[in-house]
>>> print(open('final.cif').read())   # mmCIF, C-alpha atoms and all ligand atoms
data_final
loop_
_atom_site.label_atom_id
_atom_site.label_comp_id
_atom_site.auth_asym_id
_atom_site.auth_seq_id
_atom_site.Cartn_x
_atom_site.Cartn_y
_atom_site.Cartn_z
CA MET W 25 -135.44 137.75 -111.28
CA ASP W 26 -134.68 139.57 -108.05
CA LEU W 27 -136.53 137.26 -105.69
CA THR W 28 -138.81 134.23 -105.60
CA ILE W 29 -141.35 133.31 -102.96
CA GLU W 30 -142.91 129.92 -102.48
CA GLY W 31 -146.22 129.26 -100.75
CA LYS W 32 -149.94 128.91 -101.33
CA ILE W 33 -150.63 131.59 -103.90
CA TYR W 34 -154.13 132.85 -104.61
CA HIS W 35 -154.20 132.95 -108.37
CA ASN W 36 -157.13 132.84 -110.82
CA GLY W 37 -159.67 132.21 -108.09
CA SER W 38 -158.00 129.36 -106.21
CA PHE W 39 -154.93 128.43 -104.22
CA GLU W 40 -151.95 126.80 -105.86
CA GLN W 41 -148.80 125.73 -104.11
CA GLY W 42 -146.24 127.52 -106.24
CA CYS W 43 -143.67 130.24 -106.69
CA LEU W 44 -143.91 133.91 -107.35
CA ALA W 45 -141.03 135.62 -109.15
CA ILE W 46 -140.45 139.32 -108.66
CA GLU W 47 -138.48 141.58 -110.93
CA GLN W 48 -138.12 145.33 -110.50
CA GLY W 49 -141.02 145.47 -108.09
CA LYS W 50 -143.44 143.67 -110.40
CA ILE W 51 -144.78 140.12 -110.48
CA ALA W 52 -142.68 138.56 -113.26
CA ALA W 53 -143.99 134.98 -113.16
CA ILE W 54 -146.25 132.63 -111.20
CA LYS W 55 -145.21 129.01 -111.68
CA LYS W 56 -145.09 125.65 -109.93
CA THR W 57 -141.32 125.97 -109.43
CA ILE W 58 -138.94 128.81 -110.05
CA LYS W 59 -135.91 129.57 -107.92
CA THR W 60 -133.45 132.41 -107.69
CA ASP W 61 -130.56 133.00 -105.31
CA VAL W 62 -132.95 134.85 -103.05
CA HIS W 63 -135.72 132.34 -102.39
CA LEU W 64 -138.19 132.52 -99.54
CA ASN W 65 -140.36 129.55 -98.65
CA VAL W 66 -143.38 130.44 -96.50
CA GLY W 67 -144.60 126.84 -96.38
CA ASN W 68 -148.35 126.47 -95.98
CA ASN W 69 -148.96 130.15 -95.37
CA LEU W 70 -151.20 132.00 -97.79
CA ILE W 71 -149.89 134.59 -100.21
CA LEU W 72 -152.66 137.10 -100.90
CA PRO W 73 -152.77 140.46 -102.66
CA ALA W 74 -152.33 143.40 -100.29
CA GLY W 75 -155.40 145.54 -99.64
CA ILE W 76 -156.08 149.02 -100.99
CA ASP W 77 -157.98 151.49 -98.80
CA LEU W 78 -159.41 154.33 -100.81
CA HIS W 79 -160.78 156.15 -97.77
CA VAL W 80 -158.50 157.23 -94.91
CA HIS W 81 -158.04 160.41 -92.87
CA PHE W 82 -154.39 160.59 -91.77
CA ARG W 83 -155.00 164.12 -90.40
CA ASP W 84 -151.72 165.45 -91.82
CA PRO W 85 -151.20 168.38 -91.90
CA GLY W 86 -153.22 169.92 -89.15
CA PHE W 87 -154.12 167.45 -86.42
CA PRO W 88 -150.83 165.93 -85.19
CA GLN W 89 -152.37 164.84 -81.89
CA LYS W 90 -154.73 162.45 -83.74
CA GLU W 91 -152.50 160.98 -86.45
CA ASN W 92 -149.87 161.83 -89.06
CA PHE W 93 -148.84 160.23 -92.33
CA SER W 94 -146.08 158.26 -90.62
CA THR W 95 -148.24 156.68 -87.90
CA GLY W 96 -151.28 156.27 -90.15
CA SER W 97 -149.29 154.51 -92.87
CA GLN W 98 -147.62 152.26 -90.27
CA ALA W 99 -151.09 151.21 -89.18
CA ALA W 100 -151.88 150.46 -92.84
CA VAL W 101 -148.72 148.34 -93.23
CA PHE W 102 -149.46 146.14 -90.23
CA GLY W 103 -153.03 145.73 -91.44
CA GLY W 104 -151.98 144.41 -94.85
CA ILE W 105 -152.86 147.60 -96.76
CA SER W 106 -150.21 148.59 -99.33
CA CYS W 107 -151.89 151.68 -100.69
CA VAL W 108 -154.14 154.34 -99.16
CA PHE W 109 -156.02 157.35 -100.47
CA ASP W 110 -156.22 160.25 -98.08
CA MET W 111 -159.14 162.61 -97.64
CA PRO W 112 -158.77 166.38 -97.99
CA ASN W 113 -160.36 167.56 -94.73
CA THR W 114 -157.00 168.30 -93.17
CA ASP W 115 -155.92 171.73 -91.95
CA PRO W 116 -155.56 173.49 -94.30
CA GLN W 117 -158.30 171.80 -96.33
CA ILE W 118 -156.97 170.60 -99.67
CA THR W 119 -158.81 172.94 -102.02
CA THR W 120 -155.91 174.82 -103.64
CA MET W 121 -152.72 173.98 -105.51
CA GLN W 122 -150.62 175.34 -102.68
CA ALA W 123 -152.28 173.12 -100.07
CA LEU W 124 -152.08 170.09 -102.36
CA THR W 125 -148.38 170.65 -103.11
CA GLU W 126 -147.58 170.98 -99.42
CA LYS W 127 -149.56 167.86 -98.52
CA THR W 128 -147.86 165.91 -101.31
CA ARG W 129 -144.51 166.87 -99.81
CA VAL W 130 -145.56 165.87 -96.27
CA ALA W 131 -146.99 162.53 -97.38
CA SER W 132 -144.00 161.73 -99.62
CA GLU W 133 -141.60 162.29 -96.74
CA LYS W 134 -143.55 160.25 -94.21
CA SER W 135 -145.54 157.48 -95.86
CA TYR W 136 -144.60 153.81 -95.51
CA VAL W 137 -147.22 152.77 -98.06
CA ASP W 138 -148.07 153.96 -101.54
CA PHE W 139 -150.69 156.67 -101.45
CA GLY W 140 -152.97 159.02 -103.34
CA LEU W 141 -154.52 162.33 -102.35
CA TYR W 142 -157.93 163.83 -103.01
CA VAL W 143 -158.89 167.46 -103.46
CA ALA W 144 -162.03 168.76 -101.72
CA VAL W 145 -164.69 170.36 -103.88
CA SER W 146 -165.94 173.58 -102.28
CA ASP W 147 -168.30 176.28 -103.54
CA GLU W 148 -165.21 178.42 -104.17
CA ASN W 149 -162.89 176.07 -106.09
CA ILE W 150 -165.33 174.49 -108.58
CA GLY W 151 -163.81 176.53 -111.42
CA ARG W 152 -160.28 175.33 -110.66
CA LEU W 153 -160.81 171.56 -110.48
CA VAL W 154 -159.58 170.91 -114.03
CA GLU W 155 -156.37 172.74 -113.24
CA LEU W 156 -155.86 170.78 -109.98
CA SER W 157 -156.72 167.45 -111.55
CA PRO W 158 -153.30 166.35 -112.91
CA PHE W 159 -151.86 166.61 -109.39
CA CYS W 160 -154.48 164.69 -107.41
CA SER W 161 -156.03 161.20 -107.44
CA GLY W 162 -159.61 162.41 -107.44
CA PHE W 163 -162.11 164.64 -105.70
CA LYS W 164 -164.17 164.52 -102.53
CA ILE W 165 -167.55 166.09 -102.05
CA PHE W 166 -169.13 166.40 -98.60
CA LEU W 167 -172.85 166.97 -99.10
CA GLY W 168 -173.54 167.04 -95.38
CA SER W 169 -171.54 168.55 -92.53
CA SER W 170 -169.25 166.23 -90.61
CA THR W 171 -166.30 166.68 -88.25
CA HIS W 172 -163.60 168.92 -89.83
CA SER W 173 -165.29 168.72 -93.20
CA LEU W 174 -166.12 171.40 -95.63
CA LYS W 175 -169.40 170.95 -97.39
CA LEU W 176 -170.53 171.76 -100.87
CA SER W 177 -173.88 173.59 -101.21
CA THR W 178 -176.55 171.23 -102.48
CA GLN W 179 -177.46 173.55 -105.37
CA ASN W 180 -173.87 173.29 -106.67
CA ILE W 181 -173.73 169.51 -107.03
CA ARG W 182 -174.60 169.37 -110.73
CA VAL W 183 -172.05 172.00 -111.74
CA ALA W 184 -169.42 170.36 -109.49
CA LEU W 185 -170.03 166.95 -111.07
CA LEU W 186 -169.90 168.46 -114.57
CA GLU W 187 -166.47 169.85 -113.72
CA THR W 188 -165.06 166.68 -112.15
CA ASN W 189 -166.46 164.74 -115.11
CA ARG W 190 -164.23 166.82 -117.39
CA THR W 191 -161.17 165.65 -115.43
CA LYS W 192 -162.07 161.94 -115.90
CA LYS W 193 -160.96 161.34 -112.30
CA ILE W 194 -163.00 159.70 -109.60
CA THR W 195 -165.32 161.79 -107.40
CA LEU W 196 -166.09 160.41 -103.96
CA ILE W 197 -169.18 161.62 -102.17
CA HIS W 198 -170.24 161.70 -98.53
CA ALA W 199 -173.96 161.24 -99.10
CA GLU W 200 -175.99 162.85 -96.32
CA ASP W 201 -178.29 165.73 -97.26
CA GLU W 202 -177.47 168.91 -95.32
CA HIS W 203 -181.01 170.29 -95.35
CA CYS W 204 -182.35 167.00 -93.96
CA LEU W 205 -179.64 166.96 -91.27
CA LYS W 206 -180.59 170.52 -90.26
CA ILE W 207 -184.29 169.61 -89.96
CA HIS W 208 -183.47 166.70 -87.63
CA GLU W 209 -180.79 168.52 -85.65
CA ASP W 210 -181.23 168.21 -81.89
CA LYS W 211 -179.22 167.81 -78.70
CA GLU W 212 -177.71 164.32 -78.68
CA HIS W 213 -176.97 162.20 -75.61
CA THR W 214 -176.69 158.70 -77.06
CA LEU W 215 -175.94 156.81 -80.25
CA VAL W 216 -179.66 156.36 -80.77
CA ASP W 217 -180.08 160.16 -80.67
CA HIS W 218 -177.26 160.45 -83.21
CA LEU W 219 -179.05 157.98 -85.42
CA ARG W 220 -182.29 159.95 -85.14
CA CYS W 221 -180.52 163.22 -85.99
CA ARG W 222 -178.83 161.67 -89.04
CA SER W 223 -181.72 159.52 -90.25
CA ALA W 224 -181.57 157.14 -93.20
CA GLU W 225 -183.86 159.57 -94.99
CA CYS W 226 -180.93 162.04 -95.20
CA GLU W 227 -178.81 159.40 -96.96
CA GLU W 228 -181.69 158.53 -99.27
CA ILE W 229 -182.31 162.17 -100.25
CA ALA W 230 -178.62 162.77 -100.93
CA LEU W 231 -178.40 159.63 -103.08
CA ARG W 232 -181.47 160.62 -105.09
CA ASN W 233 -179.88 164.01 -105.66
CA ILE W 234 -176.58 162.42 -106.77
CA LEU W 235 -178.36 160.04 -109.15
CA ASN W 236 -180.27 162.97 -110.71
CA SER W 237 -177.29 165.31 -110.84
CA SER W 238 -174.95 162.78 -112.43
CA GLN W 239 -177.21 161.87 -115.35
CA GLY W 240 -175.33 161.65 -118.61
CA LEU W 241 -171.91 161.77 -116.96
CA SER W 242 -169.35 159.03 -117.50
CA SER W 243 -166.45 159.61 -115.09
CA PRO W 244 -166.38 157.42 -111.98
CA ILE W 245 -168.47 158.50 -108.99
CA HIS W 246 -168.05 156.68 -105.71
CA ILE W 247 -170.58 156.71 -102.87
CA CYS W 248 -168.66 156.45 -99.62
CA HIS W 249 -169.75 154.43 -96.60
CA LEU W 250 -173.29 153.39 -97.51
CA SER W 251 -175.04 152.85 -94.17
CA SER W 252 -178.78 152.21 -94.51
CA CYS W 253 -181.31 149.87 -96.01
CA GLU W 254 -183.06 152.84 -97.64
CA GLY W 255 -179.76 153.98 -99.16
CA PHE W 256 -179.04 150.49 -100.40
CA GLU W 257 -182.41 150.29 -102.18
CA MET W 258 -181.91 153.74 -103.69
CA ILE W 259 -178.50 152.88 -105.12
CA ARG W 260 -179.16 149.30 -106.10
CA LYS W 261 -179.89 150.19 -109.70
CA ARG W 262 -177.05 152.59 -110.28
CA PRO W 263 -175.36 153.60 -113.51
CA ARG W 264 -172.22 151.73 -114.49
CA ASN W 265 -169.86 154.56 -113.57
CA MET W 266 -171.16 154.64 -109.98
CA SER W 267 -169.61 152.51 -107.22
CA VAL W 268 -170.51 152.04 -103.57
CA GLY W 269 -168.37 151.38 -100.48
CA VAL W 270 -169.17 149.95 -97.06
CA THR W 271 -167.08 150.27 -93.89
CA PRO W 272 -166.18 147.58 -91.34
CA HIS W 273 -167.85 149.54 -88.52
CA HIS W 274 -171.21 149.56 -90.31
CA LEU W 275 -170.86 145.79 -90.81
CA PHE W 276 -169.55 144.77 -87.38
CA PHE W 277 -171.70 147.00 -85.14
CA ASP W 278 -175.32 147.92 -84.70
CA VAL W 279 -176.58 150.66 -82.45
CA HIS W 280 -178.40 148.40 -79.99
CA THR W 281 -175.35 146.37 -79.03
CA LEU W 282 -173.20 149.40 -78.16
CA ASN W 283 -173.99 150.33 -74.60
CA THR W 284 -170.73 151.62 -73.18
CA LYS W 285 -168.26 154.30 -74.33
CA GLN W 286 -170.86 155.56 -76.78
CA THR W 287 -168.90 158.63 -77.90
CA PHE W 288 -166.20 156.30 -79.28
CA TYR W 289 -168.70 154.89 -81.78
CA LYS W 290 -170.04 158.28 -82.84
CA VAL W 291 -169.39 158.41 -86.56
CA ASN W 292 -170.97 159.84 -89.71
CA PRO W 293 -173.02 158.36 -91.22
CA PRO W 294 -174.08 156.77 -87.93
CA ILE W 295 -174.00 153.14 -86.94
CA ARG W 296 -177.60 152.05 -87.50
CA SER W 297 -179.89 149.13 -86.65
CA SER W 298 -179.23 145.41 -87.02
CA PHE W 299 -181.64 145.52 -89.95
CA ASP W 300 -179.43 148.04 -91.78
CA ARG W 301 -176.36 146.04 -90.84
CA ASP W 302 -177.87 142.83 -92.25
CA THR W 303 -178.73 144.66 -95.47
CA LEU W 304 -175.12 145.78 -95.84
CA TRP W 305 -173.86 142.21 -95.28
CA TYR W 306 -176.32 141.04 -97.90
CA GLY W 307 -174.92 143.66 -100.28
CA VAL W 308 -171.34 142.63 -99.57
CA ASN W 309 -171.92 138.90 -99.88
CA ASN W 310 -173.83 139.27 -103.11
CA LYS W 311 -171.28 141.69 -104.57
CA LEU W 312 -173.94 144.40 -104.77
CA VAL W 313 -171.49 146.80 -103.20
CA ASP W 314 -168.14 147.48 -104.86
CA ILE W 315 -165.59 147.96 -102.16
CA LEU W 316 -164.77 147.87 -98.47
CA GLU W 317 -163.27 151.11 -97.15
CA SER W 318 -162.11 151.79 -93.60
CA ASP W 319 -162.94 155.52 -93.33
CA HIS W 320 -160.06 155.49 -90.81
CA ALA W 321 -160.81 158.73 -88.92
CA PRO W 322 -158.90 158.84 -85.62
CA HIS W 323 -159.53 161.21 -82.73
CA THR W 324 -157.71 161.07 -79.39
CA GLU W 325 -159.24 159.46 -76.32
CA GLU W 326 -159.33 162.89 -74.63
CA GLU W 327 -161.29 164.29 -77.55
CA LYS W 328 -163.77 161.41 -77.31
CA HIS W 329 -164.00 161.56 -73.48
CA VAL W 330 -166.49 164.42 -73.44
CA ASP W 331 -170.27 164.68 -73.40
CA PHE W 332 -171.90 162.99 -76.38
CA ASN W 333 -173.07 166.13 -78.11
CA SER W 334 -169.58 167.69 -78.18
CA ALA W 335 -167.68 164.53 -79.14
CA PRO W 336 -166.15 164.50 -82.63
CA SER W 337 -167.38 161.91 -85.16
CA GLY W 338 -165.03 159.28 -86.53
CA LEU W 339 -163.11 156.16 -85.51
CA PRO W 340 -159.87 154.43 -86.55
CA GLY W 341 -159.87 151.27 -88.70
CA VAL W 342 -157.20 151.00 -91.41
CA GLU W 343 -155.15 148.41 -89.49
CA THR W 344 -158.03 146.17 -88.46
CA MET W 345 -160.09 146.02 -91.67
CA TYR W 346 -158.36 143.24 -93.65
CA PRO W 347 -157.63 141.17 -90.48
CA LEU W 348 -161.30 141.37 -89.36
CA PHE W 349 -162.53 140.13 -92.74
CA LEU W 350 -159.97 137.31 -92.86
CA ASN W 351 -161.33 136.14 -89.53
CA ALA W 352 -164.91 136.55 -90.82
CA MET W 353 -163.92 134.31 -93.72
CA LYS W 354 -162.59 131.68 -91.33
CA LYS W 355 -165.97 131.78 -89.57
CA GLY W 356 -167.78 131.39 -92.90
CA HIS W 357 -169.36 134.87 -92.97
CA ILE W 358 -167.72 135.92 -96.23
CA THR W 359 -165.76 134.20 -98.99
CA LEU W 360 -162.12 134.95 -99.76
CA ASP W 361 -163.13 135.70 -103.31
CA THR W 362 -165.45 138.48 -102.07
CA ILE W 363 -162.83 139.93 -99.71
CA LEU W 364 -160.23 140.09 -102.46
CA MET W 365 -162.67 141.59 -104.95
CA LEU W 366 -163.84 144.29 -102.51
CA LEU W 367 -160.57 145.02 -100.76
CA CYS W 368 -158.04 144.64 -103.57
CA GLU W 369 -159.25 144.19 -107.12
CA ARG W 370 -162.13 146.69 -107.38
CA PRO W 371 -160.31 149.51 -105.55
CA ALA W 372 -157.35 149.03 -107.92
CA GLN W 373 -159.74 149.21 -110.87
CA LEU W 374 -161.45 152.36 -109.57
CA LEU W 375 -158.15 154.16 -109.07
CA ASN W 376 -156.39 152.75 -112.17
CA LEU W 377 -153.64 151.11 -110.15
CA PRO W 378 -151.43 148.24 -111.36
CA LYS W 379 -152.10 146.52 -108.02
CA GLY W 380 -154.81 144.47 -106.33
CA LYS W 381 -154.30 141.09 -107.99
CA MET W 382 -151.70 138.32 -108.19
CA GLU W 383 -151.07 138.70 -111.88
CA VAL W 384 -147.94 138.96 -114.01
CA GLY W 385 -147.08 142.60 -114.71
CA ARG W 386 -148.77 144.01 -111.62
CA ASP W 387 -146.98 145.51 -108.61
CA ALA W 388 -145.71 142.81 -106.25
CA ASP W 389 -147.88 144.04 -103.34
CA PHE W 390 -148.87 141.07 -101.25
CA ILE W 391 -149.20 139.72 -97.73
CA VAL W 392 -148.29 136.41 -96.12
CA VAL W 393 -150.93 135.06 -93.74
CA ASP W 394 -151.08 132.12 -91.36
CA MET W 395 -154.81 131.38 -91.11
CA LYS W 396 -154.27 129.38 -87.91
CA LYS W 397 -153.00 132.45 -86.06
CA THR W 398 -156.11 134.19 -84.80
CA GLN W 399 -155.26 137.11 -82.56
CA THR W 400 -157.34 139.30 -80.30
CA ILE W 401 -157.32 142.93 -81.34
CA SER W 402 -155.80 145.15 -78.70
CA ALA W 403 -155.12 148.87 -79.07
CA GLU W 404 -151.74 148.39 -77.41
CA ALA W 405 -150.51 146.32 -80.33
CA LEU W 406 -151.84 148.70 -83.01
CA HIS W 407 -150.00 151.58 -84.64
CA SER W 408 -152.45 154.46 -85.04
CA LYS W 409 -151.42 157.45 -82.97
CA CYS W 410 -154.89 157.76 -81.43
CA GLY W 411 -154.18 154.75 -79.19
CA TRP W 412 -157.60 153.07 -79.17
CA THR W 413 -159.74 150.90 -81.40
CA PRO W 414 -163.50 150.32 -81.59
CA PHE W 415 -162.68 146.65 -82.28
CA GLU W 416 -160.91 145.98 -78.96
CA GLY W 417 -161.22 142.26 -78.14
CA PHE W 418 -162.39 141.21 -81.62
CA PRO W 419 -160.70 138.16 -83.16
CA ALA W 420 -158.67 138.93 -86.28
CA ILE W 421 -155.97 137.48 -88.50
CA PHE W 422 -153.06 139.81 -89.14
CA PRO W 423 -150.44 139.33 -91.88
CA SER W 424 -147.01 138.11 -90.78
CA MET W 425 -145.27 139.64 -93.79
CA MET W 426 -146.08 142.40 -96.20
CA PHE W 427 -144.42 143.27 -99.50
CA ILE W 428 -144.85 146.47 -101.48
CA ARG W 429 -143.40 146.61 -105.02
CA GLY W 430 -141.41 143.48 -104.19
CA GLU W 431 -139.81 144.96 -101.08
CA LYS W 432 -140.37 143.28 -97.73
CA ILE W 433 -141.96 145.93 -95.50
CA ILE W 434 -142.72 143.94 -92.38
CA ASP W 435 -141.56 140.63 -91.05
CA ASP W 436 -143.13 139.36 -87.86
CA HIS W 437 -143.97 142.76 -86.31
CA GLN W 438 -140.70 144.37 -87.48
CA LEU W 439 -140.85 147.33 -89.79
CA LEU W 440 -138.05 146.95 -92.36
CA VAL W 441 -138.18 150.15 -94.39
CA LYS W 442 -137.86 153.84 -93.60
CA GLN W 443 -140.64 156.39 -93.76
CA GLY W 444 -140.84 157.91 -97.21
CA PHE W 445 -140.78 154.45 -98.84
CA GLY W 446 -144.36 154.99 -100.03
CA LYS W 447 -144.83 156.58 -103.44
CA TYR W 448 -147.48 158.94 -104.72
CA VAL W 449 -149.53 156.82 -107.10
CA GLY W 450 -152.88 157.20 -108.78
CA VAL W 451 -152.31 160.66 -110.29
ZN ZN J 501 -164.32 159.79 -94.28
#
>>> encode(input="final.cif", output="structure tokens")
Amino acid sequence: MDLTIEGKIYHNGSFEQGCLAIEQGKIAAIKKTIKTDVHLNVGNNLILPAGIDLHVHFRDPGFPQKENFSTGSQAAVFGGISCVFDMPNTDPQITTMQALTEKTRVASEKSYVDFGLYVAVSDENIGRLVELSPFCSGFKIFLGSSTHSLKLSTQNIRVALLETNRTKKITLIHAEDEHCLKIHEDKEHTLVDHLRCRSAECEEIALRNILNSSQGLSSPIHICHLSSCEGFEMIRKRPRNMSVGVTPHHLFFDVHTLNTKQTFYKVNPPIRSSFDRDTLWYGVNNKLVDILESDHAPHTEEEKHVDFNSAPSGLPGVETMYPLFLNAMKKGHITLDTILMLLCERPAQLLNLPKGKMEVGRDADFIVVDMKKTQTISAEALHSKCGWTPFEGFPAIFPSMMFIRGEKIIDDHQLLVKQGFGKYVGV
């Protein structure tokens, strides 16, 4: 054994005061007492699996003013996320082998956390997905236009899904129907306008299309950031290979409570009504959705400080996601069991990762948390390069330590490893 840690370990659905032994980056044993020369006692603090975020935009390469893989992965580390999966709408867009190879190099040099990379499916690269597949973690399809994204023509969805199905890898889909968005397009001045222009109907139409186009296919398909009641009803009876994610911003905000700095909450799909928000909470608390995903999509304050119509869509969130839900648990809004299923276990399952659970043989990726230490979220203390957070002032519980593959990554706000520690996983 290389190291043992003693504390309150979440194991098999409950807490046990015990010890965790780590050998070669893996959990080697979980017992009442085991001790090695290197033994760390964290007392009454909780030892929980680290989170996995399968939806981030670290903007690297292409948008260094917003974020890069170094700053984005630091934000992940301090938010208790040991593994992220980055979206392909960088510059260049990740649609070719050359772009993917270059991005793999950039991320490998800079990342503090383990990571995976997706390839974007465009009308042009459908025929090359099988060839790209061994080098990526999965595929991303944008059905509707969004900031910096490249969309797939609606008529190509079936052929695209047939191709990604051959690769057996996961396909993630941004489900807003382009034709519907075009019909509702108008000048926008407020978040309510944005909501009207990207109505729930557009999500519903896209989901119906995905359900029809994926008939008979067996590879995993993931619906990103479900946002509406209509969408929830549409996807409720989904095939077994289809999963659904929800973001913190769709759970913590509704459009009528956001009166100031409206451009900062402009995001796609939009933040909707309290009715939609309640539906999403219902889905989360009844495990009718599969995962929580941050859709961390930073833009600078200057970029957001423009008139509403010109403001880019997207907001940061990888660092605040796990801490917000730990606080929500303390308040009784969600159970720990649900958080760990949606933030750790299911994402690990979807991406075939040996992570996400305190179990012998899995990667020793975990966090140490003092549940008594509620903090107030402040952008100043966060690590994303964009320098602001939509959750300013929200109570949250941040981890005091984080381990990845048995290595201590942070200890009380100190970063202990160098960039490049993170490994490319999930390929
Ligand atoms: Zn996204």
>>> closest_residue(input="final.cif", among="W:His218, W:Leu241, W:Ser157, W:Met345", to="His79 (chain W)", atoms="only C-alpha atoms")
W:Met345
>>> atom_distance(input="final.cif", atom1="CA of Lys50 (chain W)", atom2="CA of Cys368 (chain W)")
16.1 Å
>>> residues_near_ligand(input="final.cif", ligand="ligand ZN 501 (chain J)", cutoff="10 Å", atoms="only C-alpha atoms and all ligand atoms", output="MDAnalysis selection string")
chainID W and resid 78:81 110:113 164 166 170:171 173 196:198 248:249 271 291:293 317:321 337:339
>>> write_last_selection(input="final.cif", atoms="C-alpha atoms", output="PDB file, in the coordinates of the input")
ATOM      1  CA  LEU W  78    -159.410 154.330-100.810  1.00  0.00           C
ATOM      2  CA  HIS W  79    -160.780 156.150 -97.770  1.00  0.00           C
ATOM      3  CA  VAL W  80    -158.500 157.230 -94.910  1.00  0.00           C
ATOM      4  CA  HIS W  81    -158.040 160.410 -92.870  1.00  0.00           C
ATOM      5  CA  ASP W 110    -156.220 160.250 -98.080  1.00  0.00           C
ATOM      6  CA  MET W 111    -159.140 162.610 -97.640  1.00  0.00           C
ATOM      7  CA  PRO W 112    -158.770 166.380 -97.990  1.00  0.00           C
ATOM      8  CA  ASN W 113    -160.360 167.560 -94.730  1.00  0.00           C
ATOM      9  CA  LYS W 164    -164.170 164.520-102.530  1.00  0.00           C
ATOM     10  CA  PHE W 166    -169.130 166.400 -98.600  1.00  0.00           C
ATOM     11  CA  SER W 170    -169.250 166.230 -90.610  1.00  0.00           C
ATOM     12  CA  THR W 171    -166.300 166.680 -88.250  1.00  0.00           C
ATOM     13  CA  SER W 173    -165.290 168.720 -93.200  1.00  0.00           C
ATOM     14  CA  LEU W 196    -166.090 160.410-103.960  1.00  0.00           C
ATOM     15  CA  ILE W 197    -169.180 161.620-102.170  1.00  0.00           C
ATOM     16  CA  HIS W 198    -170.240 161.700 -98.530  1.00  0.00           C
ATOM     17  CA  CYS W 248    -168.660 156.450 -99.620  1.00  0.00           C
ATOM     18  CA  HIS W 249    -169.750 154.430 -96.600  1.00  0.00           C
ATOM     19  CA  THR W 271    -167.080 150.270 -93.890  1.00  0.00           C
ATOM     20  CA  VAL W 291    -169.390 158.410 -86.560  1.00  0.00           C
ATOM     21  CA  ASN W 292    -170.970 159.840 -89.710  1.00  0.00           C
ATOM     22  CA  PRO W 293    -173.020 158.360 -91.220  1.00  0.00           C
ATOM     23  CA  GLU W 317    -163.270 151.110 -97.150  1.00  0.00           C
ATOM     24  CA  SER W 318    -162.110 151.790 -93.600  1.00  0.00           C
ATOM     25  CA  ASP W 319    -162.940 155.520 -93.330  1.00  0.00           C
ATOM     26  CA  HIS W 320    -160.060 155.490 -90.810  1.00  0.00           C
ATOM     27  CA  ALA W 321    -160.810 158.730 -88.920  1.00  0.00           C
ATOM     28  CA  SER W 337    -167.380 161.910 -85.160  1.00  0.00           C
ATOM     29  CA  GLY W 338    -165.030 159.280 -86.530  1.00  0.00           C
ATOM     30  CA  LEU W 339    -163.110 156.160 -85.510  1.00  0.00           C
TER      31      LEU W 339
END
>>> residues_around(input="final.cif", residues="region 395-410 of chain W", least_positions_apart="2", cutoff="8 Å", atoms="all atoms listed in the file", output="PyMOL selection string")
chain W and resi 69-70+89-92+95-96+98-99+102+322-325+340+343-344+351+354+393+412-413+415-422
>>> residues_near_point(input="final.cif", point="(-138.3, 131.3, -97.5)", cutoff="7 Å", atoms="all atoms listed in the file", output="VMD selection string")
chain W and resid 29 to 30 63 to 66
>>> residues_around(input="final.cif", residues="His213 (chain W)", least_positions_apart="5", cutoff="8 Å", atoms="all atoms listed in the file", output="list in words")
His218, Asp331, Phe332 and Asn333 of chain W
>>> residues_around(input="final.cif", residues="region 429-433 of chain W", least_positions_apart="4", cutoff="7 Å", atoms="only C-alpha atoms", output="list in words")
Ile46, Gly49, Lys50, Asp387, Ala388, Asp389, Leu439, Leu440 and Val441 of chain W
>>> decode(input="final.cif", residues="region 109-130 of chain W", atoms="C-alpha atoms", output="tab-separated table (two decimals), in the first residue's frame")
chain	number	residue	atom	x	y	z
W	109	PHE	CA	-15.02	15.95	-21.08
W	110	ASP	CA	-14.47	18.90	-23.36
W	111	MET	CA	-16.72	20.00	-26.19
W	112	PRO	CA	-15.45	20.41	-29.75
W	113	ASN	CA	-16.66	23.94	-30.54
W	114	THR	CA	-13.19	25.38	-30.12
W	115	ASP	CA	-11.30	27.20	-32.87
W	116	PRO	CA	-10.55	25.24	-34.95
W	117	GLN	CA	-13.66	23.10	-34.42
W	118	ILE	CA	-12.72	19.50	-33.69
W	119	THR	CA	-13.97	17.81	-36.85
W	120	THR	CA	-10.73	16.41	-38.30
W	121	MET	CA	-7.87	14.20	-37.15
W	122	GLN	CA	-5.46	17.10	-37.35
W	123	ALA	CA	-7.56	19.30	-35.07
W	124	LEU	CA	-8.14	16.43	-32.64
W	125	THR	CA	-4.43	15.57	-32.47
W	126	GLU	CA	-3.51	19.18	-31.80
W	127	LYS	CA	-6.17	19.57	-29.11
W	128	THR	CA	-5.05	16.32	-27.46
W	129	ARG	CA	-1.54	17.76	-27.27
W	130	VAL	CA	-2.74	21.08	-25.81
